[in-house]
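Enquirer: This one is structure_31.txt, compact mmCIF, C-alpha atoms.
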```
# COMPACT_ATOMS: atom_id res chain seq x y z
CA MET A 1 -46.88 -5.47 -20.84
CA VAL A 2 -44.58 -7.92 -22.61
CA GLU A 3 -43.56 -10.88 -20.46
CA PHE A 4 -39.86 -11.71 -20.10
CA THR A 5 -40.41 -15.10 -21.71
CA SER A 6 -41.71 -13.34 -24.80
CA LEU A 7 -38.69 -11.09 -25.29
CA PRO A 8 -36.74 -11.56 -28.52
CA VAL A 9 -33.52 -13.55 -28.35
CA ASP A 10 -31.33 -10.50 -29.05
CA VAL A 11 -32.92 -8.57 -26.15
CA VAL A 12 -32.37 -11.41 -23.67
CA ASP A 13 -28.84 -11.80 -24.99
CA HIS A 14 -28.19 -8.07 -24.42
CA ILE A 15 -29.60 -8.19 -20.88
CA LEU A 16 -27.36 -11.12 -19.96
CA ALA A 17 -24.34 -9.44 -21.56
CA CYS A 18 -24.88 -6.35 -19.37
CA ILE A 19 -24.70 -8.27 -16.09
CA PRO A 20 -21.84 -6.81 -14.00
CA ASP A 21 -20.17 -9.95 -12.60
CA PHE A 22 -20.05 -13.75 -12.63
CA LYS A 23 -22.00 -14.23 -9.38
CA THR A 24 -24.93 -12.22 -10.69
CA LEU A 25 -24.80 -14.11 -13.98
CA ALA A 26 -24.81 -17.45 -12.17
CA ALA A 27 -27.80 -16.35 -10.06
CA ALA A 28 -29.65 -15.17 -13.15
CA ILE A 29 -29.07 -18.46 -14.95
CA LYS A 30 -30.04 -20.47 -11.86
CA VAL A 31 -33.47 -18.85 -11.58
CA SER A 32 -34.03 -18.37 -15.32
CA ASN A 33 -36.69 -19.96 -17.41
CA ILE A 34 -36.05 -22.33 -20.29
CA HIS A 35 -36.05 -19.50 -22.83
CA THR A 36 -33.35 -17.52 -20.99
CA TYR A 37 -31.20 -20.59 -20.39
CA ALA A 38 -31.41 -21.50 -24.07
CA VAL A 39 -30.28 -18.00 -25.06
CA PHE A 40 -27.31 -18.28 -22.68
CA GLN A 41 -26.27 -21.66 -24.08
CA GLN A 42 -26.64 -20.38 -27.63
CA HIS A 43 -24.45 -17.29 -27.01
CA LYS A 44 -22.36 -18.58 -24.11
CA GLN A 45 -18.94 -17.41 -25.32
CA ALA A 46 -20.07 -13.88 -26.18
CA ILE A 47 -22.04 -13.48 -22.92
CA LEU A 48 -19.18 -14.78 -20.75
CA THR A 49 -16.77 -12.45 -22.51
CA SER A 50 -19.06 -9.44 -22.03
CA VAL A 51 -19.67 -10.17 -18.33
CA ALA A 52 -15.95 -10.74 -17.77
CA LEU A 53 -15.17 -7.41 -19.43
CA ASN A 54 -17.82 -5.70 -17.32
CA PHE A 55 -16.26 -7.12 -14.17
CA VAL A 56 -12.53 -6.98 -14.90
CA GLY A 57 -12.27 -4.29 -17.56
CA PRO A 58 -9.90 -4.15 -20.54
CA SER A 59 -7.13 -5.92 -18.58
CA LEU A 60 -9.24 -9.08 -18.79
CA PRO A 61 -6.74 -11.06 -20.91
CA GLN A 62 -3.96 -10.57 -18.36
CA ALA A 63 -6.31 -11.42 -15.45
CA LEU A 64 -7.31 -14.66 -17.17
CA GLY A 65 -3.66 -15.47 -17.80
CA VAL A 66 -2.97 -15.21 -14.06
CA ALA A 67 -5.91 -17.46 -13.18
CA ARG A 68 -4.95 -20.06 -15.75
CA ARG A 69 -1.30 -20.03 -14.70
CA GLU A 70 -2.07 -20.31 -10.99
CA GLN A 71 -4.74 -22.97 -11.28
CA HIS A 72 -3.32 -25.14 -14.05
CA GLY A 73 0.35 -24.16 -14.36
CA ASP A 74 -0.27 -23.05 -17.93
CA SER A 75 2.69 -20.99 -19.11
CA ASP A 76 0.87 -19.60 -22.17
CA ARG A 77 0.18 -15.91 -21.70
CA CYS A 78 -3.20 -14.38 -22.41
CA GLU A 79 -2.72 -11.00 -24.07
CA SER A 80 -5.71 -10.37 -26.38
CA ILE A 81 -9.49 -10.53 -26.32
CA ASN A 82 -9.32 -13.43 -28.77
CA ASP A 83 -7.13 -15.30 -26.28
CA ALA A 84 -9.57 -14.36 -23.54
CA GLN A 85 -12.58 -15.73 -25.41
CA THR A 86 -10.83 -19.05 -25.86
CA VAL A 87 -9.83 -19.23 -22.20
CA LEU A 88 -13.28 -18.25 -20.93
CA MET A 89 -14.89 -21.27 -22.57
CA SER A 90 -12.63 -23.63 -20.62
CA LEU A 91 -12.62 -21.86 -17.26
CA LYS A 92 -13.78 -23.74 -14.19
CA PRO A 93 -15.41 -22.27 -11.04
CA GLU A 94 -12.07 -22.28 -9.20
CA ASP A 95 -10.56 -20.18 -12.01
CA LEU A 96 -13.33 -17.63 -11.65
CA ARG A 97 -12.75 -17.45 -7.89
CA ILE A 98 -9.16 -16.38 -8.52
CA ILE A 99 -10.35 -13.61 -10.82
CA GLU A 100 -13.02 -12.53 -8.34
CA THR A 101 -10.36 -12.34 -5.62
CA ASP A 102 -7.85 -10.41 -7.74
CA VAL A 103 -10.20 -7.75 -9.11
CA PRO A 104 -10.77 -5.88 -5.79
CA VAL A 105 -7.02 -6.11 -5.07
CA MET A 106 -6.20 -4.38 -8.34
CA GLU A 107 -8.95 -1.80 -7.81
CA ARG A 108 -7.66 -0.87 -4.35
CA LEU A 109 -4.10 -0.64 -5.68
CA GLU A 110 -5.40 1.63 -8.44
CA ASP A 111 -7.12 3.85 -5.84
CA LEU A 112 -3.85 4.05 -3.94
CA PHE A 113 -1.82 4.78 -7.07
CA SER A 114 -4.25 7.47 -8.21
CA GLN A 115 -4.08 9.35 -4.91
CA MET A 116 -0.30 9.04 -4.73
CA TYR A 117 0.48 10.17 -8.27
CA LYS A 118 -2.55 11.82 -9.92
CA ASP A 119 -4.91 13.53 -7.48
CA ARG A 120 -4.09 13.62 -3.78
CA ARG A 121 -7.58 15.00 -3.04
CA SER A 122 -9.47 11.86 -4.05
CA GLN A 123 -9.33 8.49 -2.25
CA LYS A 124 -11.03 6.85 -5.24
CA SER A 125 -9.25 6.47 -8.54
CA VAL A 126 -9.59 9.30 -11.03
CA LEU A 127 -7.34 7.65 -13.61
CA THR A 128 -8.46 7.85 -17.20
CA ASN A 129 -9.41 4.62 -18.95
CA SER A 130 -6.03 4.61 -20.66
CA GLU A 131 -4.08 5.19 -17.44
CA SER A 132 -6.10 2.54 -15.60
CA LEU A 133 -5.43 -0.03 -18.32
CA LYS A 134 -1.68 0.64 -18.23
CA LEU A 135 -1.52 0.16 -14.47
CA LYS A 136 -3.78 -2.89 -14.14
CA ARG A 137 -2.30 -4.63 -17.14
CA ALA A 138 1.16 -4.24 -15.63
CA LEU A 139 -0.07 -5.39 -12.19
CA TYR A 140 -1.50 -8.59 -13.67
CA ARG A 141 1.65 -9.19 -15.72
CA LEU A 142 3.82 -8.83 -12.63
CA THR A 143 1.53 -11.20 -10.74
CA PHE A 144 1.84 -13.70 -13.59
CA LEU A 145 5.63 -13.51 -13.43
CA TYR A 146 5.69 -13.70 -9.65
CA ILE A 147 3.56 -16.84 -9.29
CA SER A 148 5.66 -18.50 -11.98
CA ILE A 149 8.94 -18.15 -10.11
CA ASP A 150 10.23 -20.69 -7.62
CA PRO A 151 11.09 -18.70 -4.46
CA GLU A 152 13.63 -21.27 -3.32
CA PRO A 153 15.71 -22.52 -6.25
CA THR A 154 18.15 -25.34 -5.57
CA ASP A 155 21.82 -25.28 -6.54
CA ASP A 156 20.98 -27.34 -9.62
CA ASP A 157 18.70 -24.53 -10.84
CA LEU A 158 21.47 -21.89 -10.81
CA ASP A 159 23.59 -20.85 -13.77
CA LEU A 160 27.33 -20.10 -13.69
CA ASN A 161 26.64 -16.67 -12.19
CA GLY A 162 24.63 -18.13 -9.32
CA GLN A 163 21.31 -17.02 -10.82
CA PRO A 164 18.21 -19.23 -11.33
CA GLU A 165 18.56 -20.11 -15.01
CA GLU A 166 15.01 -21.30 -15.73
CA GLN A 167 13.47 -18.36 -13.88
CA SER A 168 15.49 -15.87 -15.89
CA ALA A 169 14.40 -17.52 -19.13
CA PHE A 170 10.76 -17.45 -18.05
CA ILE A 171 10.96 -13.72 -17.26
CA ALA A 172 12.79 -12.94 -20.49
CA ALA A 173 10.17 -14.56 -22.75
CA PRO A 174 7.32 -12.07 -22.20
CA LEU A 175 9.64 -9.07 -21.89
CA THR A 176 10.91 -9.61 -25.41
CA GLU A 177 7.32 -9.54 -26.72
CA TYR A 178 6.24 -6.31 -25.00
CA ASN A 179 6.65 -3.09 -26.96
CA ASP A 180 8.84 -0.24 -25.72
CA GLN A 181 5.99 1.57 -23.98
CA GLU A 182 4.80 -1.58 -22.19
CA LEU A 183 8.30 -2.19 -20.83
CA LEU A 184 8.31 1.32 -19.38
CA GLU A 185 4.85 0.73 -17.88
CA LEU A 186 6.00 -2.49 -16.26
CA ALA A 187 9.06 -0.85 -14.70
CA ALA A 188 6.98 2.15 -13.57
CA THR A 189 4.51 -0.19 -11.85
CA VAL A 190 7.39 -1.89 -10.04
CA SER A 191 8.42 1.58 -8.85
CA PHE A 192 4.91 2.17 -7.48
CA LEU A 193 4.82 -1.18 -5.66
CA GLN A 194 8.27 -0.55 -4.19
CA GLU A 195 7.05 2.74 -2.76
CA VAL A 196 3.98 1.08 -1.22
CA GLN A 197 6.19 -1.61 0.31
CA ARG A 198 8.66 1.03 1.52
CA ARG A 199 5.93 2.90 3.40
CA THR A 200 4.51 -0.26 4.93
CA GLU A 201 7.90 -1.64 5.90
CA ARG A 202 8.95 1.70 7.35
CA PHE A 203 5.90 1.75 9.61
CA ASP A 204 6.35 -1.87 10.64
CA ARG A 205 10.02 -1.42 11.45
CA HIS A 206 9.87 1.85 13.30
CA ASN A 207 6.29 1.69 14.55
CA SER A 208 5.86 5.45 14.06
CA LEU A 209 8.35 6.25 16.77
CA PHE A 210 11.81 5.86 15.38
CA PRO A 211 13.88 7.65 12.72
CA ASP A 212 14.23 6.00 9.36
CA THR A 213 17.26 3.85 8.64
CA ASP A 214 19.24 3.35 5.50
CA GLY A 215 18.44 0.41 3.32
CA MET A 216 15.33 -1.32 2.11
CA LEU A 217 14.19 -4.89 2.36
CA PRO A 218 14.27 -6.80 -0.93
CA PHE A 219 11.26 -6.08 -3.12
CA LEU A 220 8.54 -8.66 -2.53
CA GLY A 221 7.40 -8.57 -6.17
CA ASN A 222 3.93 -9.84 -5.31
CA PRO A 223 1.16 -7.21 -5.80
CA ARG A 224 -1.24 -9.29 -3.72
CA ALA A 225 1.07 -9.47 -0.69
CA ILE A 226 2.00 -5.79 -0.92
CA TYR A 227 -1.71 -4.88 -1.00
CA LYS A 228 -2.57 -7.12 1.98
CA ASN A 229 0.28 -5.82 4.10
CA TYR A 230 -0.43 -2.17 3.32
CA TYR A 231 -4.11 -2.44 4.19
CA ARG A 232 -3.37 -4.71 7.17
CA LEU A 233 -5.54 -7.50 5.79
CA GLU A 234 -2.64 -9.81 6.44
CA THR A 235 0.37 -9.16 8.63
CA SER A 236 3.67 -10.83 7.97
CA ASP A 237 7.28 -10.62 8.98
CA TRP A 238 8.81 -8.56 6.19
CA LEU A 239 12.25 -10.04 6.74
CA GLU A 240 10.88 -13.56 6.49
CA ALA A 241 8.76 -12.70 3.45
CA ALA A 242 11.66 -10.97 1.73
CA GLY A 243 13.81 -14.02 2.33
CA ASP A 244 11.43 -16.09 0.26
CA ASP A 245 11.04 -13.55 -2.54
CA VAL A 246 14.55 -12.18 -2.86
CA TRP A 247 14.92 -13.84 -6.25
CA PHE A 248 12.28 -11.77 -8.04
CA LEU A 249 13.74 -8.30 -8.57
CA PRO A 250 17.33 -9.14 -9.59
CA PRO A 251 16.39 -11.46 -12.49
CA PHE A 252 13.55 -9.15 -13.52
CA GLN A 253 15.82 -6.11 -13.77
CA ARG A 254 18.63 -8.11 -15.32
CA GLU A 255 16.40 -9.47 -18.08
CA LEU A 256 14.80 -6.07 -18.58
CA ARG A 257 18.25 -4.56 -19.13
CA LYS A 258 19.04 -7.26 -21.69
CA VAL A 259 15.84 -6.54 -23.60
CA CYS A 260 16.55 -2.80 -23.49
CA ARG A 261 19.99 -3.37 -24.99
CA SER A 262 18.61 -5.62 -27.73
CA LYS A 263 15.96 -3.00 -28.61
CA GLY A 264 18.37 -0.08 -28.41
CA LEU A 265 16.43 1.52 -25.53
CA ASP A 266 17.83 3.73 -22.80
CA GLU A 267 18.61 1.05 -20.24
CA GLU A 268 18.69 3.23 -17.13
CA ALA A 269 15.63 5.28 -18.09
CA THR A 270 13.58 2.12 -18.62
CA VAL A 271 14.67 0.10 -15.60
CA ASN A 272 14.35 3.10 -13.28
CA ALA A 273 11.11 4.45 -14.75
CA HIS A 274 9.15 6.38 -12.12
CA ALA A 275 5.57 5.48 -11.31
CA SER A 276 4.37 8.93 -12.39
CA LEU A 277 5.19 7.95 -15.99
CA LEU A 278 1.83 6.14 -16.09
CA VAL A 279 -0.08 9.40 -15.55
CA ASN A 280 -0.76 11.85 -18.36
CA GLN A 281 -1.96 14.72 -16.16
CA VAL A 282 -1.54 15.50 -12.47
CA TYR A 283 -4.20 17.53 -10.69
CA GLY A 284 -2.84 20.22 -8.39
CA ALA A 285 0.75 19.75 -9.54
CA GLU A 286 1.52 23.43 -8.86
CA ASP A 287 -0.27 23.67 -5.51
CA ARG A 288 1.66 25.25 -2.67
CA CYS A 289 2.02 24.64 1.04
CA PHE A 290 -0.35 26.81 3.07
CA ARG A 291 2.37 27.57 5.65
CA CYS A 292 5.64 28.00 3.75
CA ASN A 293 4.33 28.44 0.19
CA ALA A 294 6.58 25.68 -1.17
CA ALA A 295 5.33 24.29 -4.50
CA GLU A 296 5.02 20.62 -3.53
CA GLY A 297 1.97 19.54 -5.56
CA GLN A 298 1.25 15.85 -4.95
CA ASN A 299 3.57 15.87 -1.94
CA LEU A 300 1.20 18.05 0.09
CA TYR A 301 -0.84 16.58 2.94
CA GLY A 302 -4.44 17.41 3.83
CA ARG A 303 -7.49 15.70 5.26
CA PRO A 304 -8.11 13.38 2.24
CA ASN A 305 -4.60 11.88 2.37
CA TRP A 306 -3.67 12.09 6.06
CA HIS A 307 -3.60 8.30 6.05
CA PHE A 308 -0.40 8.53 3.96
CA LEU A 309 1.39 10.08 6.93
CA LYS A 310 1.61 6.63 8.51
CA GLY A 311 4.37 5.73 6.09
CA VAL A 312 5.93 9.18 5.78
CA VAL A 313 5.99 10.96 9.12
CA CYS A 314 7.02 7.88 11.05
CA GLY A 315 10.12 7.59 8.87
CA GLY A 316 10.93 11.28 8.43
CA VAL A 317 9.86 12.45 11.89
CA PRO A 318 10.89 10.36 14.92
CA LEU A 319 7.92 11.23 17.12
CA LYS A 320 9.33 9.46 20.17
CA LYS A 321 12.52 11.49 19.88
CA SER A 322 10.53 14.73 20.25
CA LEU A 323 9.81 13.91 23.92
CA PRO A 324 11.99 15.99 26.31
CA GLY A 325 15.00 14.71 28.21
CA ASN A 326 15.33 10.93 28.39
CA LEU A 327 11.60 10.22 28.04
CA SER A 328 12.20 8.77 24.58
CA LYS A 329 14.15 5.99 26.36
CA ASN A 330 11.73 5.49 29.26
CA LEU A 331 11.12 1.74 29.39
CA GLU A 332 7.49 1.91 30.55
CA ASN A 333 6.53 4.76 28.23
CA ASP A 334 8.21 2.98 25.33
CA SER A 335 6.01 -0.07 25.91
CA ILE A 336 2.83 2.04 26.07
CA LEU A 337 3.77 4.00 22.94
CA ARG A 338 4.37 0.80 21.03
CA HIS A 339 0.98 -0.53 22.06
CA TYR A 340 -0.80 2.68 21.14
CA PHE A 341 0.77 2.93 17.70
CA SER A 342 0.52 -0.77 16.91
CA ASP A 343 -1.93 -1.90 14.23
CA LYS A 344 -1.09 -5.59 14.53
CA ASP A 345 -4.14 -6.32 16.66
CA ASP A 346 -7.82 -5.43 16.64
CA SER A 347 -7.16 -1.86 17.80
CA PHE A 348 -6.10 -0.57 14.40
CA HIS A 349 -4.45 2.81 14.76
CA ASP A 350 -6.00 5.27 12.32
CA TRP A 351 -3.46 7.90 11.30
CA ALA A 352 -6.17 10.16 9.89
CA ILE A 353 -7.84 10.30 13.31
CA PHE A 354 -4.47 10.73 15.05
CA THR A 355 -3.60 13.64 12.74
CA GLU A 356 -6.93 15.32 13.45
CA HIS A 357 -6.24 15.00 17.19
CA ILE A 358 -2.87 16.70 16.72
CA PHE A 359 -4.48 19.55 14.74
CA ASP A 360 -7.24 19.98 17.36
CA PHE A 361 -4.93 19.87 20.36
CA GLU A 362 -4.75 23.27 22.04
CA MET A 363 -1.26 24.44 22.92
CA PRO A 364 -1.34 27.42 25.31
CA ASP A 365 2.02 28.77 24.17
CA ASP A 366 1.63 27.91 20.48
CA GLN A 367 2.39 30.98 18.38
CA GLU A 368 1.12 29.40 15.15
CA THR A 369 -2.36 28.71 13.86
CA TRP A 370 -2.78 25.47 11.98
CA ASP A 371 -5.80 24.94 9.72
CA LYS A 372 -6.73 21.28 9.25
CA GLU A 373 -8.66 22.14 6.09
CA GLN A 374 -5.46 23.32 4.38
CA TRP A 375 -2.58 21.48 2.72
CA TYR A 376 0.95 21.33 4.11
CA CYS A 377 4.29 20.05 2.84
CA GLN A 378 6.09 17.25 4.67
CA THR A 379 8.49 19.66 6.36
CA CYS A 380 5.67 21.74 7.81
CA ILE A 381 3.49 18.81 8.81
CA SER A 382 6.56 17.36 10.52
CA THR A 383 6.97 20.61 12.44
CA LEU A 384 3.35 20.35 13.59
CA PHE A 385 3.80 16.79 14.83
CA THR A 386 7.10 17.30 16.62
CA SER A 387 5.96 20.53 18.30
CA ARG A 388 2.61 19.21 19.54
CA PHE A 389 3.23 15.51 20.07
CA PRO A 390 4.94 15.76 23.50
CA SER A 391 2.15 17.85 25.06
CA TRP A 392 -0.53 15.79 23.33
CA TRP A 393 1.02 12.56 24.62
CA PHE A 394 1.29 13.91 28.18
CA ALA A 395 -2.43 14.77 28.05
CA LYS A 396 -3.27 11.45 26.43
CA ARG A 397 -1.59 9.53 29.24
CA ARG A 398 -3.28 11.55 31.96
CA ASP A 399 -6.73 10.87 30.50
CA SER A 400 -6.16 7.26 29.53
CA ASN A 401 -6.06 3.81 31.12
CA TYR A 402 -2.30 4.15 31.60
CA PRO A 403 -1.73 7.44 33.47
CA PRO A 404 1.70 8.33 34.90
CA ALA A 405 2.49 7.31 38.48
CA PRO A 406 1.23 9.78 41.12
CA GLU A 407 4.67 10.39 42.63
CA ASP A 408 7.18 12.44 40.63
CA CYS A 409 10.78 11.44 40.18
CA TRP A 410 13.14 14.14 41.45
CA TYR A 411 15.07 14.05 38.20
CA GLY A 412 11.92 14.23 36.05
CA TRP A 413 12.35 13.62 32.35
CA ASP A 414 16.13 13.91 32.66
CA CYS A 415 16.31 10.79 34.84
CA ARG A 416 18.81 8.24 33.51
CA THR A 417 17.55 5.36 35.65
CA GLN A 418 14.24 5.28 33.72
CA THR A 419 16.19 4.16 30.66
CA HIS A 420 17.50 0.90 32.13
CA LYS A 421 15.30 -0.01 35.13
CA TYR A 422 11.71 -0.82 34.22
CA GLN A 423 10.43 -0.89 37.81
CA HIS A 424 11.78 2.61 38.45
CA ALA A 425 10.28 3.86 35.18
CA ARG A 426 6.94 2.39 36.19
CA ARG A 427 6.94 3.35 39.90
CA LEU A 428 7.62 7.08 39.44
CA ASN A 429 6.28 9.73 37.10
CA HIS A 430 8.88 11.17 34.75
CA PHE A 431 6.50 13.43 32.81
CA CYS A 432 7.63 16.38 34.89
CA LYS A 433 10.38 18.96 35.09
CA PRO A 434 13.43 17.90 37.09
CA VAL A 435 13.95 19.42 40.55
CA ARG A 436 17.36 17.84 40.95
CA GLY A 437 20.17 17.09 38.56
CA ASP A 438 22.51 18.80 36.15
CA SER A 439 19.79 20.71 34.30
CA VAL A 440 18.41 22.37 37.44
CA THR A 441 19.70 25.89 38.02
CA PRO A 442 20.76 26.41 41.66
CA GLN A 443 18.65 28.95 43.55
```
Rewrite the coordinates I just gave you, this time as structure tokens.
Expert:
Amino acid sequence: MVEFTSLPVDVVDHILACIPDFKTLAAAIKVSNIHTYAVFQQHKQAILTSVALNFVGPSLPQALGVARREQHGDSDRCESINDAQTVLMSLKPEDLRIIETDVPVMERLEDLFSQMYKDRRSQKSVLTNSESLKLKRALYRLTFLYISIDPEPTDDDLDLNGQPEEQSAFIAAPLTEYNDQELLELAATVSFLQEVQRRTERFDRHNSLFPDTDGMLPFLGNPRAIYKNYYRLETSDWLEAAGDDVWFLPPFQRELRKVCRSKGLDEEATVNAHASLLVNQVYGAEDRCFRCNAAEGQNLYGRPNWHFLKGVVCGGVPLKKSLPGNLSKNLENDSILRHYFSDKDDSFHDWAIFTEHIFDFEMPDDQETWDKEQWYCQTCISTLFTSRFPSWWFAKRRDSNYPPAPEDCWYGWDCRTQTHKYQHARRLNHFCKPVRGDSVTPQ
């Protein structure tokens, strides 16, 4: 058998070039013999480029541009493999750490995008190589723009229209160099990130219990922060965060409109490009709701994407409001509900598990049969939640660490005192039919 030290230079070079990431390459070099180390030094640029491509993929130039900008304040963009090769030779360990941190962020965002817009049945990305490149390239470009913008410009930085002059110029520079398709891809990716933020913010605001409200917090603009908040890796006050980042979207859209006008593009179609524009084919686009037969395609909900209901049902279906009488305003119950549906502590609330509990809950008087292996539109899944949630929550409280008080209130769930006196709400059980009050029919 041929020993490793006897392998030809081109074979060793090929082995090193096939290593999947920088950490593995560093380990291989650290324990290598003199022959292997010499091969690496001789072909360092080509090997680094190959390993970087293996790890990051074809969006490598944009990823390197982000690392270089964040670490060194370099405003030069990195848009080609030739640029990437030059940058790789001068990268330091701290630069590589930025790339190693960003890659899983972009991969998780791609998984999320793929399930939202291409195939709702798969939690892992099924994007084609072309679709993946479009999305990740745009995500890195947006990250580059975001980290280059001062979130708190002073009055001296503003132009006559009250806008940050230097920031607008910095955004305009790359936009003028992107081709028409890349501008659309960038705007479509912003649309995707806005939707992710909308779902996260909706859950944070209403905590699964309250109806949606009009309006939307200013777009954060930072793919990293949007990812961390959605996956609860980092919790933040959206209002506070938006206050810092309110400058991103207005100058971005303003400069994008200017570029569209200069190129003769449809301004509205470009700026308002939908995220689905990045996908060439949607799987199950004609699929229908199992209950009502509505053709909802990607907007259907089943076991693989029940986790999406966290940001949909809580806004479209006010679960707390489905409780009878004044129970939705019961001060003690409100506190317990908020705790149960909170994911701001170690007891992360899993909406997929919650949805399965709702499907499995047996309702004695339920005239409908719901199949948890089927797919339902938002209207129908909302009907399921609102019809079963009250009984499920009654049962949940009885079997939990916070059961209702043993003594019933005469006015039951219609009691008005439970809405403004916490001690009364806590001392008596209101999960019962009233035996006194306006709603009771005289015998």
Enquirer: When you draw a straight line from CA of Tyr376 in chain A to CA of Phe394 in chain A, how long is it in Å?
Expert: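 Taking CA of Tyr376 in chain A and CA of Phe394 in chain A, their separation equals 25.2 Å.
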Enquirer: Would you mind telling me which residue in A:Leu88, A:Val9, A:Val39, A:Val66 lies nearest to Leu53 in chain A when using all atoms listed in the file?
Expert: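 Of the candidates, the smallest distance to Leu53 in chain A is held by A:Leu88.
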Enquirer: Pick out the closest residue to Tyr230 in chain A from this set: A:Leu109, A:Leu319, A:Val56, A:Cys260. Count only C-alpha atoms.
Expert: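 Among A:Leu109, A:Leu319, A:Val56, A:Cys260, it is A:Leu109 that comes nearest to Tyr230 in chain A.
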Enquirer: Measuring between only C-alpha atoms, which one of A:Gly325, A:Pro58, A:Pro250, A:Pro404 shows the shortest distance to Thr419 in chain A?
Expert: A:Gly325
Enquirer: With only C-alpha atoms as the basis for distance, which of A:Arg303, A:Lys30, A:Arg426, A:Lys258 is at the shortest distance from Arg120 in chain A?
Expert: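 The shortest atom-to-atom distance to Arg120 in chain A comes from A:Arg303.
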